[in-house]
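Note: the block below is model.txt and it holds compact mmCIF, C-alpha atoms.
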```txt
# COMPACT_ATOMS: atom_id res chain seq x y z
CA MET N 28 -112.97 -72.78 93.54
CA THR N 29 -111.40 -73.05 90.08
CA MET N 30 -108.99 -70.18 89.53
CA THR N 31 -108.29 -68.59 86.18
CA ILE N 32 -105.01 -69.23 84.37
CA LEU N 33 -103.46 -66.31 82.50
CA VAL N 34 -101.74 -67.32 79.27
CA THR N 35 -99.42 -64.89 77.51
CA GLY N 36 -98.80 -65.71 73.88
CA GLY N 37 -102.06 -67.64 73.86
CA THR N 38 -102.71 -66.92 70.18
CA GLY N 39 -99.27 -68.04 68.95
CA THR N 40 -97.96 -71.38 67.70
CA LEU N 41 -97.73 -72.89 71.18
CA GLY N 42 -100.69 -71.05 72.66
CA LYS N 43 -103.09 -72.41 70.05
CA HIS N 44 -102.33 -75.89 71.35
CA VAL N 45 -102.15 -74.97 75.04
CA VAL N 46 -105.42 -73.06 75.43
CA PRO N 47 -107.71 -75.90 74.22
CA LEU N 48 -105.84 -78.36 76.46
CA LEU N 49 -106.40 -76.14 79.50
CA ARG N 50 -110.07 -75.81 78.63
CA ALA N 51 -110.33 -79.60 78.24
CA ALA N 52 -108.88 -79.86 81.75
CA GLY N 53 -111.75 -77.72 83.01
CA ARG N 54 -109.78 -74.54 83.64
CA ASP N 55 -110.91 -71.02 82.81
CA VAL N 56 -108.36 -69.20 80.69
CA ARG N 57 -107.50 -65.54 80.34
CA VAL N 58 -105.39 -64.71 77.29
CA LEU N 59 -103.27 -61.59 77.13
CA SER N 60 -103.39 -60.17 73.62
CA ARG N 61 -102.17 -56.95 72.04
CA ALA N 62 -105.39 -56.68 70.02
CA PRO N 63 -108.97 -56.97 71.31
CA ARG N 64 -110.68 -60.31 70.70
CA PRO N 65 -114.19 -61.55 71.49
CA ALA N 66 -114.56 -63.93 74.42
CA ALA N 67 -115.18 -67.62 73.80
CA ALA N 68 -116.48 -70.40 76.06
CA GLY N 69 -114.31 -70.28 79.16
CA ILE N 70 -111.78 -67.99 77.45
CA GLU N 71 -111.43 -64.32 78.25
CA TYR N 72 -109.21 -62.06 76.16
CA VAL N 73 -107.63 -59.02 77.79
CA THR N 74 -105.64 -56.35 75.99
CA GLY N 75 -102.12 -55.51 77.06
CA ASP N 76 -98.53 -55.12 75.95
CA LEU N 77 -95.74 -56.89 77.80
CA LEU N 78 -93.05 -54.69 76.27
CA THR N 79 -94.59 -51.43 77.48
CA GLY N 80 -96.26 -52.85 80.57
CA ALA N 81 -99.66 -51.53 79.53
CA GLY N 82 -102.56 -53.61 80.84
CA ILE N 83 -100.44 -56.21 82.64
CA THR N 84 -101.61 -55.40 86.17
CA ALA N 85 -105.25 -55.77 85.15
CA ALA N 86 -104.47 -58.99 83.26
CA VAL N 87 -102.83 -60.56 86.32
CA ALA N 88 -105.50 -59.49 88.79
CA GLY N 89 -107.31 -62.48 90.27
CA VAL N 90 -105.37 -65.19 88.49
CA ASP N 91 -103.91 -68.20 90.27
CA THR N 92 -101.35 -69.27 87.69
CA ILE N 93 -99.53 -67.64 84.78
CA LEU N 94 -98.29 -69.59 81.78
CA HIS N 95 -95.84 -67.30 80.02
CA LEU N 96 -95.51 -68.31 76.37
CA ALA N 97 -95.19 -64.91 74.69
CA GLY N 98 -91.94 -64.44 72.85
CA GLY N 99 -90.41 -63.00 69.73
CA PRO N 100 -87.14 -62.30 67.96
CA LYS N 101 -86.25 -59.71 70.60
CA GLY N 102 -87.49 -58.18 73.83
CA ASP N 103 -88.30 -61.34 75.78
CA ASP N 104 -86.15 -60.14 78.68
CA VAL N 105 -87.99 -56.80 78.93
CA ALA N 106 -91.41 -58.41 78.56
CA THR N 107 -90.71 -60.97 81.27
CA HIS N 108 -89.31 -58.39 83.69
CA ASN N 109 -92.53 -56.42 83.28
CA LEU N 110 -94.64 -59.52 83.82
CA VAL N 111 -92.92 -60.74 86.98
CA GLN N 112 -93.22 -57.30 88.58
CA ALA N 113 -96.99 -57.55 88.19
CA ALA N 114 -97.09 -61.23 89.19
CA GLN N 115 -96.15 -60.86 92.86
CA GLY N 116 -98.62 -62.92 94.88
CA VAL N 117 -99.40 -65.34 92.05
CA ARG N 118 -99.25 -68.98 93.17
CA HIS N 119 -97.41 -70.39 90.14
CA LEU N 120 -95.54 -68.90 87.17
CA VAL N 121 -94.66 -71.28 84.32
CA TYR N 122 -92.10 -70.21 81.70
CA ILE N 123 -91.08 -71.80 78.40
CA GLY N 124 -87.38 -71.33 77.76
CA VAL N 125 -84.99 -72.60 75.11
CA ILE N 126 -82.33 -75.29 75.44
CA ALA N 127 -78.79 -73.93 75.85
CA ALA N 128 -80.02 -70.36 76.25
CA GLU N 129 -76.84 -69.33 78.05
CA GLU N 130 -74.51 -71.01 75.56
CA LEU N 131 -75.04 -69.11 72.30
CA PRO N 132 -74.01 -65.43 71.93
CA LEU N 133 -77.05 -64.50 69.87
CA GLY N 134 -79.59 -61.87 70.80
CA TYR N 135 -82.55 -64.23 70.92
CA PHE N 136 -80.80 -66.73 73.20
CA ARG N 137 -79.46 -63.99 75.47
CA ALA N 138 -82.91 -62.47 75.86
CA LYS N 139 -84.43 -65.89 76.62
CA TYR N 140 -81.78 -66.53 79.26
CA GLU N 141 -82.33 -63.12 80.89
CA ALA N 142 -86.07 -63.75 80.87
CA GLU N 143 -85.54 -67.10 82.54
CA GLN N 144 -83.37 -65.47 85.20
CA ALA N 145 -86.08 -62.88 85.81
CA VAL N 146 -88.56 -65.68 86.53
CA ILE N 147 -86.14 -67.52 88.81
CA GLY N 148 -85.29 -64.37 90.75
CA SER N 149 -88.84 -63.04 90.94
CA GLY N 150 -89.75 -64.59 94.29
CA VAL N 151 -92.83 -66.11 92.63
CA PRO N 152 -93.04 -69.94 92.82
CA TYR N 153 -92.12 -71.08 89.32
CA THR N 154 -91.58 -73.86 86.83
CA VAL N 155 -89.20 -73.48 83.89
CA LEU N 156 -89.27 -75.87 80.94
CA ARG N 157 -86.61 -75.48 78.27
CA ALA N 158 -87.49 -76.88 74.84
CA ALA N 159 -85.68 -77.31 71.56
CA GLN N 160 -86.73 -75.39 68.45
CA PHE N 161 -90.11 -76.48 67.14
CA HIS N 162 -90.67 -78.44 63.93
CA ASP N 163 -92.82 -75.45 62.93
CA LEU N 164 -89.76 -73.18 62.98
CA ALA N 165 -87.73 -75.72 61.04
CA LEU N 166 -90.41 -75.84 58.35
CA LYS N 167 -90.66 -72.06 58.17
CA THR N 168 -86.85 -71.89 57.83
CA VAL N 169 -86.49 -74.49 55.08
CA ARG N 170 -89.47 -73.11 53.17
CA ALA N 171 -87.87 -69.68 53.10
CA MET N 172 -84.50 -71.08 52.06
CA ALA N 173 -86.05 -73.22 49.33
CA LYS N 174 -87.31 -70.08 47.58
CA LEU N 175 -83.72 -69.20 46.68
CA PRO N 176 -82.34 -70.43 43.35
CA VAL N 177 -79.26 -71.72 45.18
CA VAL N 178 -79.92 -72.89 48.74
CA PRO N 179 -77.19 -72.42 51.37
CA ALA N 180 -76.53 -75.63 53.31
CA PRO N 181 -74.91 -74.72 56.65
CA GLY N 182 -72.39 -77.33 57.67
CA GLY N 183 -72.42 -78.61 61.25
CA LEU N 184 -75.68 -76.91 62.22
CA ARG N 185 -77.73 -79.57 64.04
CA TRP N 186 -81.19 -79.34 65.59
CA GLN N 187 -83.21 -81.53 67.97
CA SER N 188 -86.46 -80.05 66.74
CA VAL N 189 -89.56 -81.05 68.69
CA ASP N 190 -93.27 -81.05 67.94
CA SER N 191 -95.00 -78.03 69.49
CA ARG N 192 -98.01 -80.16 70.42
CA GLU N 193 -95.83 -82.32 72.64
CA VAL N 194 -94.36 -79.22 74.26
CA ALA N 195 -97.87 -77.88 74.82
CA ALA N 196 -99.00 -81.10 76.49
CA ARG N 197 -95.98 -81.07 78.81
CA LEU N 198 -96.56 -77.42 79.70
CA VAL N 199 -100.19 -78.04 80.57
CA ASP N 200 -99.23 -80.90 82.88
CA LEU N 201 -96.67 -78.65 84.58
CA THR N 202 -99.13 -75.75 84.83
CA LEU N 203 -101.75 -77.88 86.56
CA ASP N 204 -99.16 -79.27 88.97
CA GLU N 205 -97.24 -77.62 91.77
CA PRO N 206 -94.24 -75.32 91.10
CA ALA N 207 -91.24 -77.52 90.28
CA GLY N 208 -88.39 -75.12 89.53
CA ARG N 209 -86.26 -76.01 86.52
CA VAL N 210 -87.49 -79.31 85.06
CA ALA N 211 -85.91 -81.60 82.47
CA ASP N 212 -85.50 -80.14 79.00
CA LEU N 213 -87.75 -81.39 76.19
CA ALA N 214 -86.24 -82.10 72.77
CA GLY N 215 -87.18 -84.03 69.67
CA PRO N 216 -86.51 -87.75 69.21
CA GLU N 217 -83.58 -87.27 66.83
CA VAL N 218 -80.76 -84.93 65.86
CA ARG N 219 -80.82 -83.71 62.27
CA THR N 220 -78.60 -81.32 60.36
CA LEU N 221 -80.33 -78.32 58.86
CA SER N 222 -78.86 -79.34 55.50
CA ASP N 223 -80.61 -82.71 55.70
CA MET N 224 -83.87 -81.05 56.71
CA ILE N 225 -83.63 -78.83 53.65
CA ARG N 226 -83.08 -81.90 51.47
CA ASP N 227 -86.10 -83.60 53.09
CA TYR N 228 -88.28 -80.62 52.20
CA LEU N 229 -87.01 -80.36 48.62
CA ARG N 230 -87.51 -84.08 48.07
CA ALA N 231 -91.01 -84.07 49.57
CA THR N 232 -92.15 -81.07 47.52
CA GLY N 233 -90.45 -82.11 44.30
CA LYS N 234 -88.43 -78.92 44.14
CA ARG N 235 -85.06 -78.99 42.42
CA ARG N 236 -82.48 -76.64 43.91
CA ALA N 237 -78.73 -76.53 43.97
CA LEU N 238 -77.32 -76.67 47.51
CA LEU N 239 -74.26 -74.61 48.34
CA PRO N 240 -72.32 -75.84 51.41
CA VAL N 241 -71.47 -72.93 53.70
CA ARG N 242 -69.52 -72.74 56.94
CA VAL N 243 -71.09 -70.75 59.76
CA PRO N 244 -68.28 -68.37 60.76
CA GLY N 245 -66.89 -67.19 64.08
CA LYS N 246 -67.71 -68.20 67.62
CA VAL N 247 -71.32 -69.00 66.81
CA GLY N 248 -70.24 -71.43 64.11
CA ARG N 249 -67.78 -73.14 66.44
CA LEU N 250 -70.43 -73.53 69.13
CA TYR N 251 -72.97 -74.98 66.73
CA ARG N 252 -70.42 -77.43 65.33
CA ALA N 253 -69.60 -78.46 68.90
CA GLY N 254 -73.30 -79.08 69.58
CA ALA N 255 -73.59 -76.35 72.23
CA ASN N 256 -77.23 -75.82 71.23
CA LEU N 257 -78.13 -79.45 71.95
CA ASN N 258 -78.94 -81.47 75.05
CA LEU N 259 -77.93 -85.03 74.27
CA ASP N 260 -77.66 -86.20 77.87
CA THR N 261 -80.57 -85.20 80.09
CA ALA N 262 -83.38 -83.98 77.85
CA GLU N 263 -86.64 -85.86 77.71
CA GLN N 264 -87.54 -86.77 74.15
CA GLY N 265 -90.74 -86.26 72.24
CA LYS N 266 -92.03 -88.91 69.85
CA ARG N 267 -93.06 -87.14 66.65
CA THR N 268 -90.18 -86.89 64.21
CA TRP N 269 -89.40 -84.11 61.77
CA ALA N 270 -90.25 -86.42 58.84
CA GLU N 271 -93.67 -87.24 60.31
CA PHE N 272 -94.39 -83.58 60.97
CA LEU N 273 -93.28 -82.57 57.46
CA ALA N 274 -95.46 -85.18 55.80
CA GLU N 275 -98.45 -84.11 57.90
CA GLN N 276 -98.03 -80.42 57.12
CA LEU N 277 -97.53 -80.96 53.39
CA ALA N 278 -100.65 -83.15 53.30
CA LYS N 279 -102.60 -80.33 54.96
CA ASP N 280 -101.25 -77.87 52.39
CA GLN N 281 -102.44 -80.11 49.55
CA ALA N 282 -105.87 -80.53 51.12
CA ALA N 283 -106.36 -76.83 51.73
CA PRO N 284 -108.79 -75.11 49.31
CA VAL N 285 -107.24 -72.81 46.73
CA ARG N 286 -108.10 -69.17 47.29
```

Hey, can you dump this file as structure tokens for me?
Amino acid sequence: MTMTILVTGGTGTLGKHVVPLLRAAGRDVRVLSRAPRPAAAGIEYVTGDLLTGAGITAAVAGVDTILHLAGGPKGDDVATHNLVQAAQGVRHLVYIGVIAAEELPLGYFRAKYEAEQAVIGSGVPYTVLRAAQFHDLALKTVRAMAKLPVVPAPGGLRWQSVDSREVAARLVDLTLDEPAGRVADLAGPEVRTLSDMIRDYLRATGKRRALLPVRVPGKVGRLYRAGANLNLDTAEQGKRTWAEFLAEQLAKDQAAPVR
């Protein structure tokens, strides 16, 4: 009997890639959403809130596997604690973490690390995949910065950004397999400075902006300059580069109808 897979965050950047891949693999999918949505072929939407715990028990009922993608700027630790409490008895819990979560003293990274620890300590058989920041986030960041008349160019801030579609494909493979514990990290195929990524965007869009070199201060700045947010040794590498992703997205923007 084919068991249903519960996907949290199934309507987000990663979820929009993951859900069709699970359906293509012949699995029924239940998506936890804060807002009601109509069902689609093989996809059931259930309403719940991971931060308050509302609706989670009903969402988990009868599922074989949980793929936990939901995340945000804060509260991932609380949301994941609530989920794992309801997930006792589930065969497999898959979690998407972030590379170097325990290294950077920032709220987002701390919450992701605590969430990861909640999964590991839950007693539920699990798989944890840590990934680098997505190309999508890099594009959102440089687009926002490029709106400024003078664009700050943080020195020493390097990313291994990865394509979210490649992360989605890896997660689906892991979800359909047996629990594997902590698996190899997944990062992009190259390391780029944020300053260079800003320049790539400005050049590709024909925007002219002055760049102001800035130094990220304090402990966070020192850690970024030391590459504490990177995994240069053991991470598996995706294939799609930032430049390829940028060109693809800008082509889509140009092809989109004007509203």

Select, from N:Leu175, N:Ile123, N:Ala142, N:Ile70, the residue with the minimum atom-to-atom distance to Thr107 (chain N), counting all atoms listed in the file.
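The closest residue to Thr107 (chain N) is N:Ala142.
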
Excluding Phe272 (chain N) and its own-chain neighbours fewer than 6 positions away, which residues fall within 10 Å of it when counting all atoms listed in the file? Please give them as JSON, numbers by chain.
{"N": [162, 163, 166, 189, 190, 278]}

Store the residues of this selection in a file with C-alpha atoms, as a PDB file, in the coordinates of the input.
```pdb
ATOM      1  CA  HIS N 162     -90.670 -78.440  63.930  1.00  0.00           C
ATOM      2  CA  ASP N 163     -92.820 -75.450  62.930  1.00  0.00           C
ATOM      3  CA  LEU N 166     -90.410 -75.840  58.350  1.00  0.00           C
ATOM      4  CA  VAL N 189     -89.560 -81.050  68.690  1.00  0.00           C
ATOM      5  CA  ASP N 190     -93.270 -81.050  67.940  1.00  0.00           C
ATOM      6  CA  ALA N 278    -100.650 -83.150  53.300  1.00  0.00           C
TER       7      ALA N 278
END
```

Can you work out which one of N:Gly99, N:Gln112, N:His119, N:Thr79 has the shortest atom-to-atom distance to Gly134 (chain N), counting all atoms listed in the file?
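Under the stated criterion, the closest residue is N:Gly99.
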
Report, in Å with one decimal, the straight-line distance from CA of Val155 (chain N) to CA of Val210 (chain N).
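Straight-line distance from CA of Val155 (chain N) to CA of Val210 (chain N) works out to 6.2 Å.
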
Which of these residues is nearest to Gly233 (chain N), using all atoms listed in the file: N:Thr40, N:Leu277, N:His108, N:Leu96?
N:Leu277

Which residue, N:Glu129, N:Glu143, N:Asp204, N:Asp76, has the smallest gap to Gly36 (chain N) when you use only C-alpha atoms?
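Of the candidates, the smallest distance to Gly36 (chain N) is held by N:Asp76.
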
What does the distance from CA of Leu273 (chain N) to CA of His44 (chain N) come to in Å, to one decimal?
17.9 Å

Near Thr84 (chain N), within 10 Å and counting all atoms listed in the file, which residues show up once chain neighbours fewer than 2 positions away are dropped, as an MDAnalysis selection string?
chainID N and resid 75 80:82 86:89 109:110 112:114

Contacts of region 51-60 of chain N at 8 Å (only C-alpha atoms; same-chain gap of 5+ positions) as a list in words:
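So, after excluding close chain neighbours, the residues are Thr29, Met30, Thr31, Ile32, Leu33, Val34, Thr35, Gly36, Gly37, Thr38, Val46, Gly69, Ile70, Glu71, Tyr72, Val73, Thr74, Gly75, Asp76 and Ala86 of chain N.
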
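Distances here use all atoms listed in the file; by that measure, the residue among N:Ala253, N:Leu221, N:Lys234, N:Arg267 closest to Thr168 (chain N) is N:Leu221.
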
Enclose region 247-259 of chain N, meaning all of its atoms listed in the file, in a box aligned along x, y and z, pad it by 8 Å on each side, and list the centre and edge lengths in Å to one decimal, as AutoDock Vina command-line options.
```
--center_x -73.4 --center_y -77.0 --center_z 69.6 --size_x 27.2 --size_y 32.0 --size_z 26.9
```

Give me the residues within 9 Å of Val45 (chain N) as a ChimeraX atom specification, counting only C-alpha atoms and dropping any in the same chain fewer than 2 places off.
/N:34,37,41-43,47-50,192,194-196,198-199
